[in-house]
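Asker: This is the structure I want to talk about, given as structure tokens.
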Amino acid sequence: MNNKIPRISDIARLAGVSTATVDRVLNRRPGVRPGTVQHVLKAARRLNYINDAEFSADRCLKPMRITFLLPAGSNRVIHMFGDAIDYSQTQLQPFNVECHTEVFNGFDHESLAQALLGLRGRTDGVVFMALEHPVVREAVDTLVHDGIPVVTLISDLSASARCGYVGLDNVATGRLAAYLLSRLGGGQSGSFALIAGSLCYRAHCDRESGFLQLMQEKGWADRVIGLREGHDDAESNYRQTRLLLEQHADLLGIYNIGGAPEGVARALKEARRDKKIIFVGHGLTSDVRALLIDGTLDAIIMQDPQQSILNCVRVLTAARHTAEGGESGLKLKPMNSIVVFRENLP
């Protein structure tokens, strides 16, 4: 029988970390990621360096409670991000987090600000889709002052104390959409229309800006119809598209900046223009998939929902690590745009 007393080096070898990390964990010093703490403690218990009592919950960091605050409504892309939180649980286990979702009244900055402030004392980190407004910025700054790190998802918030943004470079995304419409148009003459969810979202403003930039560079600025807002609602998008078709007989392409592309598609199909007008949108849902297959939608631009959730958690756990005396937080680059056509559907 081997009665050799385990050493810190044995724990380090089993846990796959340095002896300095093991020393930090066993002496309860800050600067170690929660998942690593759990891994080291399990190795120490396995080698009988600590007993069951020492391995109890008071020795282990409690999971970081993370709230994903998403807009309510019928936007299926947002629902898809909510679903991604559920099916990402296995990937998130090493981070020692508990994630759940809550909703606020979409496009209402007061509702969003109140929902953010209502999370004080109930969560350790917040991820939310920002509306660009001073009361929202103030709510974020209040949370951060209270020690609750905040990450913006899909749409960022300017001049705020948030610790990170997880999403696309939306100016570049708008330029990409303009490029797709212009190239798919094959040099035809005609006008281009944009339908946003709401200009309260910085993401939608930036996409419009990028779109106009490229059209201006091509000398086609006069071919762009003024932007309309559909509030990510299928009926509103349907009405907006019907008006566009009635008022602009030369309509060549539509860029749906936000959600609810099914409303745009219904109007195009009713007018028998679904195979003539180039249609570019965002987000790969089951409805969008069907529209790509039948040729109503020509292309969509998206960011990977599951990778987005993982990146949000990485930023927030790194922020907690920094608050505990570790190295400075994780900085992420904007996510890569994924362009999906009918021919490369995943």
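Each chain in the structure tokens gets a letter, A, B, ..., in the order shown, and its residues are numbered from 1; ligands are numbered from 1 in order too.
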Apply DSSP to the backbone of this structure and, from stretch 50-249 of chain A, keep only the residues in strand (DSSP E or B); write these as JSON, numbers by chain.
Answerer: {"A": [64, 65, 66, 67, 68, 69, 70, 71, 97, 98, 99, 100, 101, 102, 103, 104, 125, 126, 127, 128, 150, 151, 152, 153, 164, 165, 166, 168, 191, 192, 193, 194, 195, 196, 224, 228, 229]}
Asker: Within 10 Å of A:Arg266, counting only C-alpha atoms, which residues qualify if same-chain residues fewer than 6 places away don't, as a PyMOL selection string?
Answerer: chain A and resi 234-235+237-239+241-242+272+274+296
Asker: Could those residues be written to a file, using C-alpha atoms, as a PDB file, in the first residue's frame?
Answerer:
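Wrote again-v4.pdb, looks like this:
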```pdb
ATOM      1  CA  ALA A 234     -43.619  40.735 -39.656  1.00  0.00           C
ATOM      2  CA  GLU A 235     -46.840  42.705 -40.232  1.00  0.00           C
ATOM      3  CA  ASN A 237     -42.330  44.771 -42.502  1.00  0.00           C
ATOM      4  CA  TYR A 238     -45.078  43.486 -44.814  1.00  0.00           C
ATOM      5  CA  ARG A 239     -46.767  46.905 -44.916  1.00  0.00           C
ATOM      6  CA  THR A 241     -42.571  46.429 -48.337  1.00  0.00           C
ATOM      7  CA  ARG A 242     -45.994  46.831 -49.940  1.00  0.00           C
ATOM      8  CA  ARG A 272     -44.937  38.193 -57.772  1.00  0.00           C
ATOM      9  CA  ASP A 274     -39.906  37.459 -55.151  1.00  0.00           C
ATOM     10  CA  THR A 296     -37.109  34.519 -52.079  1.00  0.00           C
TER      11      THR A 296
END
```
Asker: Skipping near chain neighbours, those fewer than 3 positions away, what residues fall within 10 Å of stretch 190-196 of chain A using only C-alpha atoms, listed as a CSV table (one decimal) with all heavy atoms, in the first residue's frame?
Answerer:
```
chain,number,residue,atom,x,y,z
A,178,ALA,N,-24.4,45.9,-48.9
A,178,ALA,CA,-24.4,46.7,-50.1
A,178,ALA,C,-23.6,46.0,-51.2
A,178,ALA,O,-24.1,46.0,-52.4
A,178,ALA,CB,-23.8,48.1,-49.8
A,181,LEU,N,-25.8,43.1,-52.6
A,181,LEU,CA,-26.9,43.6,-53.5
A,181,LEU,C,-26.4,44.1,-54.8
A,181,LEU,O,-27.0,43.9,-55.9
A,181,LEU,CB,-27.7,44.7,-52.7
A,181,LEU,CG,-28.6,44.3,-51.6
A,181,LEU,CD1,-29.2,45.5,-50.9
A,181,LEU,CD2,-29.8,43.4,-52.2
A,182,SER,N,-25.3,44.9,-54.8
A,182,SER,CA,-24.8,45.5,-56.0
A,182,SER,C,-24.3,44.4,-57.0
A,182,SER,O,-24.5,44.5,-58.2
A,182,SER,CB,-23.7,46.5,-55.7
A,182,SER,OG,-22.6,45.9,-55.1
A,185,GLY,N,-27.1,42.2,-58.3
A,185,GLY,CA,-27.9,43.0,-59.3
A,185,GLY,C,-27.3,42.9,-60.7
A,185,GLY,O,-28.0,43.3,-61.7
A,187,GLY,N,-25.4,44.8,-62.4
A,187,GLY,CA,-25.3,46.0,-63.2
A,187,GLY,C,-26.6,46.5,-63.7
A,187,GLY,O,-26.6,47.5,-64.4
A,199,LEU,N,-33.8,52.4,-35.3
A,199,LEU,CA,-32.6,53.1,-35.2
A,199,LEU,C,-32.2,53.4,-33.8
A,199,LEU,O,-31.2,54.0,-33.5
A,199,LEU,CB,-32.7,54.4,-36.0
A,199,LEU,CG,-32.9,54.2,-37.5
A,199,LEU,CD1,-33.0,55.6,-38.2
A,199,LEU,CD2,-31.8,53.4,-38.1
A,200,CYS,N,-33.0,52.9,-32.8
A,200,CYS,CA,-32.6,52.9,-31.4
A,200,CYS,C,-31.4,52.0,-31.2
A,200,CYS,O,-30.7,52.1,-30.2
A,200,CYS,CB,-33.7,52.6,-30.5
A,200,CYS,SG,-35.1,53.8,-30.4
A,201,TYR,N,-31.3,51.0,-32.1
A,201,TYR,CA,-30.2,50.1,-32.0
A,201,TYR,C,-29.0,50.6,-32.7
A,201,TYR,O,-29.1,50.9,-33.9
A,201,TYR,CB,-30.5,48.7,-32.6
A,201,TYR,CG,-31.4,47.9,-31.7
A,201,TYR,CD1,-32.6,47.4,-32.2
A,201,TYR,CD2,-31.1,47.6,-30.4
A,201,TYR,CE1,-33.5,46.6,-31.4
A,201,TYR,CE2,-31.9,46.8,-29.6
A,201,TYR,CZ,-33.1,46.3,-30.1
A,201,TYR,OH,-33.9,45.5,-29.3
A,203,ALA,N,-26.5,49.0,-33.7
A,203,ALA,CA,-26.1,48.0,-34.7
A,203,ALA,C,-26.9,48.4,-36.0
A,203,ALA,O,-26.3,48.3,-37.1
A,203,ALA,CB,-26.5,46.6,-34.3
A,204,HIS,N,-28.1,48.8,-35.9
A,204,HIS,CA,-28.9,49.1,-37.2
A,204,HIS,C,-28.4,50.4,-37.8
A,204,HIS,O,-28.4,50.5,-39.0
A,204,HIS,CB,-30.4,49.1,-36.8
A,204,HIS,CG,-30.9,47.7,-36.5
A,204,HIS,ND1,-32.3,47.4,-36.4
A,204,HIS,CD2,-30.3,46.6,-36.1
A,204,HIS,CE1,-32.5,46.2,-36.1
A,204,HIS,NE2,-31.3,45.6,-35.9
A,205,CYS,N,-28.1,51.3,-37.0
A,205,CYS,CA,-27.6,52.6,-37.5
A,205,CYS,C,-26.2,52.4,-38.2
A,205,CYS,O,-26.0,52.9,-39.3
A,205,CYS,CB,-27.4,53.6,-36.3
A,205,CYS,SG,-28.9,54.3,-35.6
A,207,ARG,N,-25.1,49.6,-39.5
A,207,ARG,CA,-25.3,48.9,-40.8
A,207,ARG,C,-25.8,49.8,-41.9
A,207,ARG,O,-25.4,49.7,-43.0
A,207,ARG,CB,-26.3,47.7,-40.5
A,207,ARG,CG,-25.8,46.6,-39.7
A,207,ARG,CD,-26.8,45.6,-39.3
A,207,ARG,NE,-26.3,44.6,-38.3
A,207,ARG,CZ,-27.0,43.7,-37.7
A,207,ARG,NH1,-28.3,43.6,-38.0
A,207,ARG,NH2,-26.4,42.9,-36.8
A,208,GLU,N,-26.7,50.7,-41.5
A,208,GLU,CA,-27.2,51.6,-42.5
A,208,GLU,C,-26.0,52.5,-43.0
A,208,GLU,O,-25.8,52.8,-44.2
A,208,GLU,CB,-28.3,52.5,-42.0
A,208,GLU,CG,-28.7,53.6,-42.9
A,208,GLU,CD,-29.5,54.7,-42.3
A,208,GLU,OE1,-29.4,54.9,-41.1
A,208,GLU,OE2,-30.2,55.4,-43.0
A,211,PHE,N,-23.7,50.6,-45.3
A,211,PHE,CA,-24.4,50.4,-46.6
A,211,PHE,C,-24.3,51.7,-47.5
A,211,PHE,O,-23.9,51.6,-48.6
A,211,PHE,CB,-25.9,50.1,-46.3
A,211,PHE,CG,-26.6,49.6,-47.6
A,211,PHE,CD1,-26.8,48.3,-47.9
A,211,PHE,CD2,-27.2,50.6,-48.4
A,211,PHE,CE1,-27.5,47.9,-49.0
A,211,PHE,CE2,-28.0,50.2,-49.5
A,211,PHE,CZ,-28.1,48.9,-49.8
A,215,MET,N,-22.4,52.4,-51.2
A,215,MET,CA,-23.2,52.9,-52.3
A,215,MET,C,-22.7,54.3,-52.8
A,215,MET,O,-22.7,54.6,-54.0
A,215,MET,CB,-24.7,53.0,-51.9
A,215,MET,CG,-25.3,51.7,-51.8
A,215,MET,SD,-25.3,50.7,-53.3
A,215,MET,CE,-26.3,49.3,-53.0
A,220,TRP,N,-23.7,55.5,-56.4
A,220,TRP,CA,-25.1,55.1,-56.4
A,220,TRP,C,-25.9,55.6,-55.2
A,220,TRP,O,-27.0,55.1,-55.0
A,220,TRP,CB,-25.2,53.6,-56.4
A,220,TRP,CG,-24.7,52.9,-57.6
A,220,TRP,CD1,-24.2,53.5,-58.7
A,220,TRP,CD2,-24.7,51.5,-57.8
A,220,TRP,NE1,-23.9,52.5,-59.6
A,220,TRP,CE2,-24.1,51.3,-59.1
A,220,TRP,CE3,-25.0,50.4,-57.1
A,220,TRP,CZ2,-24.0,50.0,-59.7
A,220,TRP,CZ3,-24.9,49.1,-57.6
A,220,TRP,CH2,-24.3,48.9,-58.9
A,221,ALA,N,-25.5,56.7,-54.6
A,221,ALA,CA,-26.2,57.2,-53.4
A,221,ALA,C,-27.6,57.6,-53.7
A,221,ALA,O,-28.5,57.4,-52.9
A,221,ALA,CB,-25.4,58.4,-52.8
A,222,ASP,N,-27.8,58.1,-55.0
A,222,ASP,CA,-29.1,58.6,-55.3
A,222,ASP,C,-30.1,57.4,-55.7
A,222,ASP,O,-31.3,57.6,-55.9
A,222,ASP,CB,-29.1,59.5,-56.5
A,222,ASP,CG,-28.4,58.9,-57.8
A,222,ASP,OD1,-27.8,57.8,-57.6
A,222,ASP,OD2,-28.6,59.4,-58.9
A,223,ARG,N,-29.6,56.2,-55.6
A,223,ARG,CA,-30.4,55.0,-55.9
A,223,ARG,C,-30.9,54.4,-54.6
A,223,ARG,O,-31.6,53.4,-54.7
A,223,ARG,CB,-29.6,54.0,-56.7
A,223,ARG,CG,-29.2,54.5,-58.1
A,223,ARG,CD,-28.3,53.5,-58.8
A,223,ARG,NE,-28.9,52.2,-59.0
A,223,ARG,CZ,-28.3,51.2,-59.6
A,223,ARG,NH1,-27.1,51.3,-60.2
A,223,ARG,NH2,-29.0,50.0,-59.8
A,224,VAL,N,-30.5,54.9,-53.5
A,224,VAL,CA,-30.9,54.4,-52.2
A,224,VAL,C,-32.1,55.1,-51.6
A,224,VAL,O,-32.1,56.3,-51.5
A,224,VAL,CB,-29.8,54.4,-51.2
A,224,VAL,CG1,-30.2,53.8,-49.8
A,224,VAL,CG2,-28.5,53.7,-51.7
A,225,ILE,N,-33.2,54.4,-51.4
A,225,ILE,CA,-34.4,54.9,-50.8
A,225,ILE,C,-34.2,55.1,-49.3
A,225,ILE,O,-33.6,54.3,-48.7
A,225,ILE,CB,-35.6,54.0,-51.1
A,225,ILE,CG1,-35.8,53.8,-52.6
A,225,ILE,CG2,-36.9,54.5,-50.5
A,225,ILE,CD1,-36.7,52.6,-52.9
A,226,GLY,N,-34.8,56.2,-48.8
A,226,GLY,CA,-34.7,56.4,-47.3
A,226,GLY,C,-35.1,55.2,-46.5
A,226,GLY,O,-36.0,54.5,-46.8
A,227,LEU,N,-34.4,55.0,-45.4
A,227,LEU,CA,-34.6,53.8,-44.5
A,227,LEU,C,-35.9,53.9,-43.8
A,227,LEU,O,-36.4,55.0,-43.4
A,227,LEU,CB,-33.5,53.8,-43.5
A,227,LEU,CG,-33.5,52.6,-42.5
A,227,LEU,CD1,-32.1,52.1,-42.2
A,227,LEU,CD2,-34.1,53.1,-41.2
A,228,ARG,N,-36.6,52.7,-43.7
A,228,ARG,CA,-37.8,52.6,-43.0
A,228,ARG,C,-37.6,51.7,-41.8
A,228,ARG,O,-36.8,50.8,-41.8
A,228,ARG,CB,-38.9,52.0,-43.9
A,228,ARG,CG,-39.2,52.9,-45.1
A,228,ARG,CD,-40.0,52.2,-46.2
A,228,ARG,NE,-40.2,53.0,-47.3
A,228,ARG,CZ,-41.4,53.5,-47.7
A,228,ARG,NH1,-42.5,53.1,-47.0
A,228,ARG,NH2,-41.6,54.3,-48.7
A,229,GLU,N,-38.4,51.9,-40.7
A,229,GLU,CA,-38.4,51.0,-39.5
A,229,GLU,C,-39.6,50.1,-39.5
A,229,GLU,O,-40.7,50.5,-39.6
A,229,GLU,CB,-38.4,51.9,-38.3
A,229,GLU,CG,-37.1,52.7,-38.1
A,229,GLU,CD,-37.1,53.6,-36.8
A,229,GLU,OE1,-38.0,54.4,-36.7
A,229,GLU,OE2,-36.3,53.3,-36.0
A,230,GLY,N,-39.3,48.8,-39.2
A,230,GLY,CA,-40.3,47.8,-39.1
A,230,GLY,C,-40.5,47.2,-37.7
A,230,GLY,O,-41.3,46.4,-37.5
A,231,HIS,N,-39.6,47.6,-36.8
A,231,HIS,CA,-39.6,47.1,-35.4
A,231,HIS,C,-39.6,45.6,-35.3
A,231,HIS,O,-40.2,45.0,-34.4
A,231,HIS,CB,-40.8,47.7,-34.7
A,231,HIS,CG,-40.8,49.2,-34.6
A,231,HIS,ND1,-39.9,49.9,-33.8
A,231,HIS,CD2,-41.5,50.2,-35.3
A,231,HIS,CE1,-40.1,51.2,-34.0
A,231,HIS,NE2,-41.0,51.4,-34.9
A,232,ASP,N,-38.9,45.0,-36.3
A,232,ASP,CA,-38.7,43.5,-36.2
A,232,ASP,C,-40.1,42.8,-36.1
A,232,ASP,O,-40.2,41.7,-35.5
A,232,ASP,CB,-37.8,43.1,-35.0
A,232,ASP,CG,-36.4,43.5,-35.3
A,232,ASP,OD1,-36.0,43.8,-36.4
A,232,ASP,OD2,-35.6,43.5,-34.3
A,237,ASN,N,-43.2,44.9,-41.4
A,237,ASN,CA,-42.3,44.8,-42.5
A,237,ASN,C,-43.1,44.5,-43.8
A,237,ASN,O,-42.7,44.9,-44.9
A,237,ASN,CB,-41.3,43.6,-42.2
A,237,ASN,CG,-40.2,44.1,-41.4
A,237,ASN,OD1,-40.1,45.2,-41.0
A,237,ASN,ND2,-39.2,43.2,-41.2
A,240,GLN,N,-44.5,47.9,-44.9
A,240,GLN,CA,-43.5,48.7,-45.4
A,240,GLN,C,-43.0,48.3,-46.8
A,240,GLN,O,-42.8,49.1,-47.7
A,240,GLN,CB,-42.2,48.7,-44.5
A,240,GLN,CG,-42.5,49.3,-43.1
A,240,GLN,CD,-42.6,50.8,-43.2
A,240,GLN,OE1,-42.6,51.4,-44.2
A,240,GLN,NE2,-42.7,51.4,-42.0
A,241,THR,N,-43.0,47.0,-47.0
A,241,THR,CA,-42.6,46.4,-48.3
A,241,THR,C,-43.6,46.7,-49.4
A,241,THR,O,-43.3,47.0,-50.5
A,241,THR,CB,-42.3,44.9,-48.2
A,241,THR,OG1,-41.3,44.7,-47.2
A,241,THR,CG2,-41.7,44.4,-49.5
A,244,LEU,N,-43.2,50.2,-50.5
A,244,LEU,CA,-42.0,50.3,-51.4
A,244,LEU,C,-42.4,49.8,-52.8
A,244,LEU,O,-42.0,50.5,-53.8
A,244,LEU,CB,-40.9,49.5,-50.8
A,244,LEU,CG,-40.2,50.1,-49.5
A,244,LEU,CD1,-39.3,49.0,-48.9
A,244,LEU,CD2,-39.4,51.3,-49.9
A,248,HIS,N,-42.2,52.5,-55.8
A,248,HIS,CA,-40.9,52.5,-56.5
A,248,HIS,C,-41.0,51.3,-57.5
A,248,HIS,O,-40.6,50.2,-57.2
A,248,HIS,CB,-39.7,52.4,-55.6
A,248,HIS,CG,-39.6,53.5,-54.6
A,248,HIS,ND1,-39.0,54.7,-54.9
A,248,HIS,CD2,-40.1,53.6,-53.3
A,248,HIS,CE1,-39.1,55.5,-53.8
A,248,HIS,NE2,-39.8,54.8,-52.8
A,249,ALA,N,-41.4,51.6,-58.7
A,249,ALA,CA,-41.6,50.5,-59.7
A,249,ALA,C,-40.2,50.0,-60.1
A,249,ALA,O,-40.1,48.8,-60.6
A,249,ALA,CB,-42.3,51.1,-60.9
A,250,ASP,N,-39.1,50.7,-59.9
A,250,ASP,CA,-37.8,50.3,-60.3
A,250,ASP,C,-37.0,49.6,-59.2
A,250,ASP,O,-35.8,49.4,-59.2
A,250,ASP,CB,-37.0,51.5,-60.8
A,250,ASP,CG,-36.6,52.5,-59.7
A,250,ASP,OD1,-37.3,52.5,-58.6
A,250,ASP,OD2,-35.6,53.2,-59.8
A,251,LEU,N,-37.7,49.2,-58.1
A,251,LEU,CA,-37.1,48.6,-56.9
A,251,LEU,C,-36.3,47.4,-57.4
A,251,LEU,O,-36.8,46.4,-57.9
A,251,LEU,CB,-38.1,48.2,-55.9
A,251,LEU,CG,-37.6,47.7,-54.5
A,251,LEU,CD1,-36.7,48.8,-53.8
A,251,LEU,CD2,-38.7,47.3,-53.6
A,252,LEU,N,-35.0,47.4,-57.1
A,252,LEU,CA,-34.1,46.3,-57.5
A,252,LEU,C,-33.7,45.4,-56.3
A,252,LEU,O,-33.5,44.2,-56.5
A,252,LEU,CB,-32.9,46.9,-58.2
A,252,LEU,CG,-31.8,45.9,-58.6
A,252,LEU,CD1,-32.3,44.9,-59.7
A,252,LEU,CD2,-30.6,46.7,-59.2
A,253,GLY,N,-33.5,46.0,-55.1
A,253,GLY,CA,-33.1,45.2,-54.0
A,253,GLY,C,-33.5,45.7,-52.7
A,253,GLY,O,-33.8,46.9,-52.5
A,254,ILE,N,-33.6,44.8,-51.7
A,254,ILE,CA,-34.0,45.2,-50.3
A,254,ILE,C,-33.0,44.6,-49.4
A,254,ILE,O,-32.7,43.4,-49.4
A,254,ILE,CB,-35.4,44.7,-50.0
A,254,ILE,CG1,-36.5,45.3,-50.9
A,254,ILE,CG2,-35.8,44.9,-48.5
A,254,ILE,CD1,-37.9,44.8,-50.6
A,255,TYR,N,-32.5,45.4,-48.4
A,255,TYR,CA,-31.7,45.0,-47.3
A,255,TYR,C,-32.5,45.1,-46.1
A,255,TYR,O,-32.8,46.2,-45.6
A,255,TYR,CB,-30.4,45.8,-47.2
A,255,TYR,CG,-29.5,45.5,-46.0
A,255,TYR,CD1,-29.4,44.3,-45.5
A,255,TYR,CD2,-28.8,46.6,-45.5
A,255,TYR,CE1,-28.6,44.0,-44.4
A,255,TYR,CE2,-27.9,46.3,-44.4
A,255,TYR,CZ,-27.9,45.1,-43.9
A,255,TYR,OH,-27.0,44.8,-42.8
A,256,ASN,N,-32.9,43.9,-45.5
A,256,ASN,CA,-33.6,43.9,-44.2
A,256,ASN,C,-32.6,43.9,-43.1
A,256,ASN,O,-32.0,42.8,-42.8
A,256,ASN,CB,-34.5,42.7,-44.2
A,256,ASN,CG,-35.4,42.7,-42.9
A,256,ASN,OD1,-36.1,43.8,-42.7
A,256,ASN,ND2,-35.5,41.6,-42.2
A,257,ILE,N,-32.3,45.0,-42.5
A,257,ILE,CA,-31.3,45.2,-41.5
A,257,ILE,C,-31.6,44.4,-40.2
A,257,ILE,O,-30.6,43.9,-39.5
A,257,ILE,CB,-31.1,46.7,-41.2
A,257,ILE,CG1,-30.5,47.4,-42.4
A,257,ILE,CG2,-30.1,46.9,-40.0
A,257,ILE,CD1,-30.4,48.9,-42.2
A,258,GLY,N,-32.8,44.3,-39.8
A,258,GLY,CA,-33.2,43.7,-38.6
A,258,GLY,C,-33.8,42.3,-38.8
A,258,GLY,O,-33.4,41.5,-39.6
A,259,GLY,N,-34.9,42.0,-38.0
A,259,GLY,CA,-35.6,40.7,-38.1
A,259,GLY,C,-36.9,40.7,-38.9
A,259,GLY,O,-37.1,41.7,-39.6
A,261,PRO,N,-37.9,38.8,-41.5
A,261,PRO,CA,-37.9,38.8,-43.0
A,261,PRO,C,-39.1,38.2,-43.7
A,261,PRO,O,-39.4,38.4,-44.8
A,261,PRO,CB,-36.6,38.0,-43.3
A,261,PRO,CG,-36.5,37.1,-42.2
A,261,PRO,CD,-37.0,37.9,-41.0
A,264,VAL,N,-41.4,40.8,-45.2
A,264,VAL,CA,-40.9,41.3,-46.5
A,264,VAL,C,-41.2,40.2,-47.6
A,264,VAL,O,-41.7,40.5,-48.7
A,264,VAL,CB,-39.4,41.6,-46.4
A,264,VAL,CG1,-38.9,42.0,-47.8
A,264,VAL,CG2,-39.1,42.6,-45.4
A,277,ILE,N,-36.7,40.7,-57.3
A,277,ILE,CA,-36.0,41.7,-56.4
A,277,ILE,C,-35.0,40.9,-55.5
A,277,ILE,O,-35.3,39.9,-54.9
A,277,ILE,CB,-37.1,42.4,-55.5
A,277,ILE,CG1,-37.9,43.3,-56.4
A,277,ILE,CG2,-36.4,43.2,-54.4
A,277,ILE,CD1,-39.0,44.0,-55.7
A,278,ILE,N,-33.8,41.5,-55.5
A,278,ILE,CA,-32.7,40.9,-54.7
A,278,ILE,C,-33.0,41.2,-53.2
A,278,ILE,O,-33.3,42.3,-52.8
A,278,ILE,CB,-31.4,41.4,-55.1
A,278,ILE,CG1,-31.1,41.3,-56.6
A,278,ILE,CG2,-30.2,40.7,-54.3
A,278,ILE,CD1,-30.2,42.3,-57.1
A,279,PHE,N,-32.9,40.2,-52.4
A,279,PHE,CA,-33.3,40.3,-51.0
A,279,PHE,C,-32.2,39.7,-50.1
A,279,PHE,O,-31.8,38.6,-50.2
A,279,PHE,CB,-34.6,39.5,-50.7
A,279,PHE,CG,-35.2,39.6,-49.4
A,279,PHE,CD1,-34.8,40.6,-48.4
A,279,PHE,CD2,-36.2,38.7,-49.0
A,279,PHE,CE1,-35.4,40.7,-47.2
A,279,PHE,CE2,-36.8,38.8,-47.7
A,279,PHE,CZ,-36.4,39.8,-46.8
A,280,VAL,N,-31.6,40.6,-49.2
A,280,VAL,CA,-30.6,40.2,-48.3
A,280,VAL,C,-31.0,40.5,-46.9
A,280,VAL,O,-31.6,41.6,-46.6
A,280,VAL,CB,-29.3,41.0,-48.6
A,280,VAL,CG1,-28.2,40.7,-47.5
A,280,VAL,CG2,-28.7,40.6,-50.0
A,281,GLY,N,-30.8,39.6,-46.0
A,281,GLY,CA,-31.2,39.8,-44.6
A,281,GLY,C,-30.2,39.3,-43.6
A,281,GLY,O,-29.0,39.1,-43.9
```
Asker: Please compute the atom CA of A:Phe128-atom CA of A:Thr101 distance, one decimal, in Å.
Answerer: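 Atom-to-atom, atom CA of A:Phe128 to atom CA of A:Thr101, that is 9.7 Å.
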Asker: Using only C-alpha atoms, which of A:Val77, A:Cys163, A:Ala15, A:Val126 sits nearest A:Gln38?
Answerer: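 Smallest separation from A:Gln38 among the options: A:Ala15.
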Asker: Quick one: residues within 8 Å of A:Ala130, only C-alpha atoms counted, chain neighbours fewer than 2 positions away excluded, as a ChimeraX atom specification?
Answerer: /A:128,132,136,152-153,155-157,201-202
Asker: Going by DSSP on the backbone, which bits of stretch 132-198 of chain A are alpha helix (DSSP H)? Write them as a PyMOL selection string, please.
Answerer: chain A and resi 134-145+170-184
Asker: Restricting the calculation to only C-alpha atoms: of A:Pro94, A:Gly219, A:Gly174, A:Pro134, which residue gets closest to A:Ile301?
Answerer: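 Of A:Pro94, A:Gly219, A:Gly174, A:Pro134, the one nearest A:Ile301 is A:Gly174, counting only C-alpha atoms.
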Asker: I'd like to know which of A:Asp233, A:Arg183, A:Ile154, A:Gly263 is closest to A:Met302, using only C-alpha atoms.
Answerer: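 Ranked by minimum distance to A:Met302, first place goes to A:Ile154.
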Asker: Between A:Met64, A:Ile85, A:Leu310, A:Leu332, which is the closest to A:Pro149 once you count only C-alpha atoms?
Answerer: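 Once distances to A:Pro149 are computed over only C-alpha atoms, the minimum belongs to A:Met64.
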Asker: Counting only C-alpha atoms, which of A:Ser160, A:Gln114, A:Thr285, A:Gln306 gets nearest to A:Asp86?
Answerer: A:Gln306
